[in-house]
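*Asks:* What follows is a structure written as structure tokens; I'll ask about it next.
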Number of protein chains: 2
Amino acid sequence: MSMAGRELTSIRSPRVKAARRLAKRTFRHRERRFLAEGPQAVREALAQPGVLTELFTTAEAESRHADLVLAAERAGVPVLRVSGEVMAELAQTVTPQGLLAVCGFVDVGLADALAARPTLLTVLAHVRDPGNAGTVLRTADAAGSQAVVFTDASVDPYNGKCVRASAGSLFHLPVVTGPRFDALIPALREGGLTVLAADGAGDRTLDSAIDDGLLARPTAWVFGNEAWGLPEEILRHVDEVVRVPIYGRAESLNLATAAAVCLYASARAQRAGADGASGAAATA
Amino acid sequence: MSMAGRELTSIRSPRVKAARRLAKRTFRHRERRFLAEGPQAVREALAQPGVLTELFTTAEAESRHADLVLAAERAGVPVLRVSGEVMAELAQTVTPQGLLAVCGFVDVGLADALAARPTLLTVLAHVRDPGNAGTVLRTADAAGSQAVVFTDASVDPYNGKCVRASAGSLFHLPVVTGPRFDALIPALREGGLTVLAADGAGDRTLDSAIDDGLLARPTAWVFGNEAWGLPEEILRHVDEVVRVPIYGRAESLNLATAAAVCLYASARAQRAGADGASGAAATA
């Protein structure tokens, strides 16, 4: 049996109250801890020593995910068994999965992320919707982006909706939070990256960027707010503003789908070489 | 002033009750009418004669969108002014925009959609989440897909969440609803289309499909359920099962982002020619 011991049934229990507070950004950043729900998140957090600091579980989830609970105990993580009602209060989803991880922040500094000389990097600037931000994070991970930067004007990556939408990707690749955009661009350029902004107002199409070999270079892609795109002061300072062509009658793509098209175009160009010829490998 | 006349303030008014019922699939399909919210939807519906059958508006929205209300009246569409409370009941969003269109169904038959000889077509099979379905519809429109088919096992395209997520695209391109998958595939082939399924279990990568010229052909892309992909009986019957490569540590892409990558790859291949060389135009 687990060390979980007696089930906590009151949402007024101090440990439960302390965890619940992490639903708010202020408390998350004061304690540098956040909540991640479900077995996948627990597995990801456990894979990084020291990240999982506390595990809440229901009796049912404890028997369904006995391996995870055991692994947490073996790693010295306090496991707290709570009633279904308490879990429902703690979890931010309609159908809580019975496992809730309290995790330490996982973000790294910009200098550390750039020290690894990434060839594909994703920047979220002024992205306000946490679900969109998390989906872009997941997409960036899938496309092989080696780091994701949330600028100071973007949503908190530790927001519960963002964590969920990232589907584990928050734990997969270096995430940088908080740099100001005006300091970020020079740092990206010093890191050897061409800075491209994706914006419907771009004067260059994605296809021309591919055809001209632009995407084969080490690239930082900047994605902006879904409703109003990127502000002028950002567009002025990037190397190129690129638009995904709209062939039909849609007014625009949504943020995550536009990011997917851009990032996969870079992934292909960096792997296949600048001219699009199959088989060639132009970048190391 | 408008013909809207006296404001309806009771949700028990017969016209209001009749419109409210359209939130349910059963009633939508019995009456072949659906609800579309906001000025963009009203504009799109008005652009197709006979589609907009009734317009609900608040006094505030009527003055803010006087042009649209006037255009509706000129088209002989009954305009009903309702109180903010009634609009909140009718609308399915947290912040209703004050304009709600009752529209006739806009879908077309499969034979009609294929008669136009589309070179890029999108099929949603077993897609259950209306938000995802609407986003795929919007993405398909943007990528130049010339028709979208919802199979009988997919969500209702007239579901309010799907209509909203489509951001007007439901009105932009031919939408076909309800065909069974086993009857659909032969019809697509007779229409000259190669049928490709997007699935993480595919034995061919998207890049190899591009490199081999497969994507330059007229193509119907089949996208499945986000959680469990496409069933075996579908994968067996398509021409090829193609997977979007995962370069990082994400387990998968979400449905709309995977669809964006596949559809834009087809759009580029069909425009640029099978070998990916810039400038060439292989397809008419």
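Residue numbering restarts at 1 in every chain; chains get A, B, ... in the order shown in the structure tokens, and ligands count up from 1 in that same order.
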Show me, as a PDB file with all heavy atoms, in the first residue's frame, the residues that have an atom within 9 Å of Leu110 (chain B) when counting only C-alpha atoms, minus same-chain residues fewer than 5 positions from it.

*Replies:*
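This is the output file part.pdb:
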```
ATOM      1  N   ALA B 115     -18.919  17.149 -58.963  1.00  0.00           N
ATOM      2  CA  ALA B 115     -19.140  17.575 -60.348  1.00  0.00           C
ATOM      3  C   ALA B 115     -18.211  18.736 -60.717  1.00  0.00           C
ATOM      4  O   ALA B 115     -17.842  18.911 -61.873  1.00  0.00           O
ATOM      5  CB  ALA B 115     -20.603  17.973 -60.545  1.00  0.00           C
ATOM      6  N   VAL B 149     -16.149  17.275 -46.640  1.00  0.00           N
ATOM      7  CA  VAL B 149     -17.159  16.240 -46.408  1.00  0.00           C
ATOM      8  C   VAL B 149     -17.124  15.830 -44.937  1.00  0.00           C
ATOM      9  O   VAL B 149     -16.070  15.497 -44.406  1.00  0.00           O
ATOM     10  CB  VAL B 149     -16.879  14.998 -47.284  1.00  0.00           C
ATOM     11  CG1 VAL B 149     -17.924  13.908 -47.011  1.00  0.00           C
ATOM     12  CG2 VAL B 149     -16.856  15.376 -48.763  1.00  0.00           C
ATOM     13  N   VAL B 175     -20.039  22.182 -48.515  1.00  0.00           N
ATOM     14  CA  VAL B 175     -19.935  21.232 -47.414  1.00  0.00           C
ATOM     15  C   VAL B 175     -20.929  20.108 -47.676  1.00  0.00           C
ATOM     16  O   VAL B 175     -22.086  20.359 -48.023  1.00  0.00           O
ATOM     17  CB  VAL B 175     -20.228  21.932 -46.064  1.00  0.00           C
ATOM     18  CG1 VAL B 175     -20.352  20.908 -44.933  1.00  0.00           C
ATOM     19  CG2 VAL B 175     -19.132  22.947 -45.746  1.00  0.00           C
ATOM     20  N   VAL B 176     -20.451  18.886 -47.564  1.00  0.00           N
ATOM     21  CA  VAL B 176     -21.279  17.700 -47.778  1.00  0.00           C
ATOM     22  C   VAL B 176     -21.426  17.004 -46.436  1.00  0.00           C
ATOM     23  O   VAL B 176     -20.437  16.851 -45.713  1.00  0.00           O
ATOM     24  CB  VAL B 176     -20.602  16.738 -48.781  1.00  0.00           C
ATOM     25  CG1 VAL B 176     -21.447  15.480 -48.980  1.00  0.00           C
ATOM     26  CG2 VAL B 176     -20.341  17.442 -50.109  1.00  0.00           C
ATOM     27  N   THR B 177     -22.635  16.614 -46.054  1.00  0.00           N
ATOM     28  CA  THR B 177     -22.798  15.932 -44.771  1.00  0.00           C
ATOM     29  C   THR B 177     -23.413  14.557 -44.962  1.00  0.00           C
ATOM     30  O   THR B 177     -24.236  14.343 -45.851  1.00  0.00           O
ATOM     31  CB  THR B 177     -23.721  16.713 -43.806  1.00  0.00           C
ATOM     32  OG1 THR B 177     -25.042  16.710 -44.343  1.00  0.00           O
ATOM     33  CG2 THR B 177     -23.252  18.132 -43.624  1.00  0.00           C
ATOM     34  N   PRO B 179     -22.422  11.263 -45.787  1.00  0.00           N
ATOM     35  CA  PRO B 179     -22.170  10.036 -46.537  1.00  0.00           C
ATOM     36  C   PRO B 179     -21.485   8.988 -45.660  1.00  0.00           C
ATOM     37  O   PRO B 179     -20.728   9.318 -44.760  1.00  0.00           O
ATOM     38  CB  PRO B 179     -21.249  10.482 -47.678  1.00  0.00           C
ATOM     39  CG  PRO B 179     -20.632  11.742 -47.231  1.00  0.00           C
ATOM     40  CD  PRO B 179     -21.624  12.392 -46.309  1.00  0.00           C
ATOM     41  N   LEU B 184     -18.334   6.473 -49.819  1.00  0.00           N
ATOM     42  CA  LEU B 184     -17.624   7.715 -50.160  1.00  0.00           C
ATOM     43  C   LEU B 184     -16.338   7.441 -50.951  1.00  0.00           C
ATOM     44  O   LEU B 184     -16.070   8.111 -51.962  1.00  0.00           O
ATOM     45  CB  LEU B 184     -17.301   8.476 -48.866  1.00  0.00           C
ATOM     46  CG  LEU B 184     -16.462   9.750 -48.979  1.00  0.00           C
ATOM     47  CD1 LEU B 184     -17.189  10.808 -49.793  1.00  0.00           C
ATOM     48  CD2 LEU B 184     -16.135  10.291 -47.581  1.00  0.00           C
ATOM     49  N   ALA B 187     -16.646   6.857 -54.655  1.00  0.00           N
ATOM     50  CA  ALA B 187     -17.097   8.091 -55.315  1.00  0.00           C
ATOM     51  C   ALA B 187     -15.955   9.077 -55.473  1.00  0.00           C
ATOM     52  O   ALA B 187     -15.825   9.742 -56.510  1.00  0.00           O
ATOM     53  CB  ALA B 187     -18.250   8.713 -54.517  1.00  0.00           C
TER      54      ALA B 187
END
```

*Asks:* Taking only C-alpha atoms into account, find every residue of chain B that has an atom no more than 7 Å from chain A, and write it out as JSON, numbers by chain.

*Replies:* {"B": [138, 139, 141, 142, 143, 144, 169, 172, 211, 246, 247, 248, 249, 250, 252, 253, 256, 257, 260, 261, 264, 276, 277, 278]}

*Asks:* Would you pick out the contacts of Gln40 (chain B) at 10 Å or less, using only C-alpha atoms, so that residues sharing its chain but fewer than 3 positions from it are not included, and give the list as a VMD selection string?

*Replies:* chain B and resid 36 to 37 43 to 46 68 99 167 to 168

*Asks:* Between B:Leu35, B:Cys103, B:Leu22, B:Val163, which residue has the minimum interatomic distance to Thr53 (chain B), considering only C-alpha atoms?

*Replies:*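 Of all the options, B:Cys103 lies closest to Thr53 (chain B).
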
*Asks:* Could you list, as number ranges by chain, every residue within 12 Å of Thr219 (chain A), counting only C-alpha atoms and ignoring same-chain residues fewer than 6 positions away?

*Replies:* A: 117-123, 144-147, 185, 188-189, 191-197, 209, 213, 238-240, 262-263, 265-267, 269-270, 283

*Asks:* Neighbours of Asp129 (chain A) within 8 Å (only C-alpha atoms; same-chain residues fewer than 3 positions away dropped), as a list in words?

*Replies:*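 Returned residues: Asn132, Ala133 and Val155 of chain A.
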
*Asks:* Once you have the residues from the selection above, write them out as a PDB file, in the first residue's frame, restricted to N, CA, C and O atoms.

*Replies:*
```
ATOM      1  N   ASN A 132      -4.499  28.441 -26.852  1.00  0.00           N
ATOM      2  CA  ASN A 132      -3.717  28.649 -28.072  1.00  0.00           C
ATOM      3  C   ASN A 132      -2.224  28.525 -27.803  1.00  0.00           C
ATOM      4  O   ASN A 132      -1.498  27.889 -28.565  1.00  0.00           O
ATOM      5  N   ALA A 133      -1.778  29.142 -26.721  1.00  0.00           N
ATOM      6  CA  ALA A 133      -0.347  29.113 -26.393  1.00  0.00           C
ATOM      7  C   ALA A 133       0.120  27.677 -26.172  1.00  0.00           C
ATOM      8  O   ALA A 133       1.169  27.261 -26.675  1.00  0.00           O
ATOM      9  N   VAL A 155       0.808  35.184 -22.366  1.00  0.00           N
ATOM     10  CA  VAL A 155       0.166  34.440 -21.286  1.00  0.00           C
ATOM     11  C   VAL A 155       1.221  33.663 -20.488  1.00  0.00           C
ATOM     12  O   VAL A 155       2.311  33.367 -20.988  1.00  0.00           O
TER      13      VAL A 155
END
```

*Asks:* For each of A:Ala113, A:Ala23, A:Leu55, A:Ala41, take the minimum atom-to-atom distance to Leu70 (chain A), counting only C-alpha atoms, then give the residue where this is smallest.

*Replies:*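 Closest to Leu70 (chain A) of all the choices is A:Leu55.
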
*Asks:* Once DSSP has gone over the backbone, tell me which residues of region 53-125 of chain B are in alpha helix (DSSP H), as a ChimeraX atom specification.

*Replies:* /B:59-64,66-74,84-90,110-115

*Asks:* Using only C-alpha atoms, find the one residue out of A:Ala19, A:Val94, A:Leu114, A:Val241 that sits nearest to Leu80 (chain A).

*Replies:* A:Ala19

*Asks:* Sorted by chain and rising residue number, which residues of region 104-219 of chain A lie within 9 Å of region 225-230 of chain A, and what are their closest atom pairs and distances in Å to one decimal, counting only C-alpha atoms, as JSON lines?

*Replies:*
```
{"residue": "A:Leu124", "atom": "CA", "partner": "A:Asn225", "partner_atom": "CA", "distance": 8.4}
{"residue": "A:Ala125", "atom": "CA", "partner": "A:Asn225", "partner_atom": "CA", "distance": 7.0}
{"residue": "A:His126", "atom": "CA", "partner": "A:Asn225", "partner_atom": "CA", "distance": 5.2}
{"residue": "A:Val127", "atom": "CA", "partner": "A:Asn225", "partner_atom": "CA", "distance": 4.5}
{"residue": "A:Arg128", "atom": "CA", "partner": "A:Asn225", "partner_atom": "CA", "distance": 6.6}
{"residue": "A:Asp129", "atom": "CA", "partner": "A:Asn225", "partner_atom": "CA", "distance": 8.4}
{"residue": "A:Asn132", "atom": "CA", "partner": "A:Glu226", "partner_atom": "CA", "distance": 8.6}
{"residue": "A:Ser154", "atom": "CA", "partner": "A:Asn225", "partner_atom": "CA", "distance": 8.7}
{"residue": "A:Ala197", "atom": "CA", "partner": "A:Leu230", "partner_atom": "CA", "distance": 8.1}
{"residue": "A:Ala198", "atom": "CA", "partner": "A:Leu230", "partner_atom": "CA", "distance": 8.3}
{"residue": "A:Asp199", "atom": "CA", "partner": "A:Gly229", "partner_atom": "CA", "distance": 6.2}
{"residue": "A:Gly200", "atom": "CA", "partner": "A:Gly229", "partner_atom": "CA", "distance": 7.6}
{"residue": "A:Ala201", "atom": "CA", "partner": "A:Gly229", "partner_atom": "CA", "distance": 8.7}
```

*Asks:* Would you mind listing what lies within 10 Å of region 73-76 of chain B as number ranges by chain, with only C-alpha atoms counted and same-chain residues fewer than 2 positions away left out?

*Replies:* B: 2-4, 46, 49-50, 52-55, 67-71, 78-79

*Asks:* When distances are computed from only C-alpha atoms, which of B:Val77, B:Ala72, B:Ala61, B:Ala88 shows the smallest separation from Val16 (chain B)?

*Replies:* B:Ala88

*Asks:* What is the CA of Arg15 (chain A)-CA of Val42 (chain A) distance in Å, reported with one decimal?

*Replies:*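 Separating CA of Arg15 (chain A) from CA of Val42 (chain A) is a distance of 18.3 Å.
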
*Asks:* Any idea what the distance is between CA of Asn159 (chain B) and CA of Gly98 (chain B)?

*Replies:* 19.0 Å
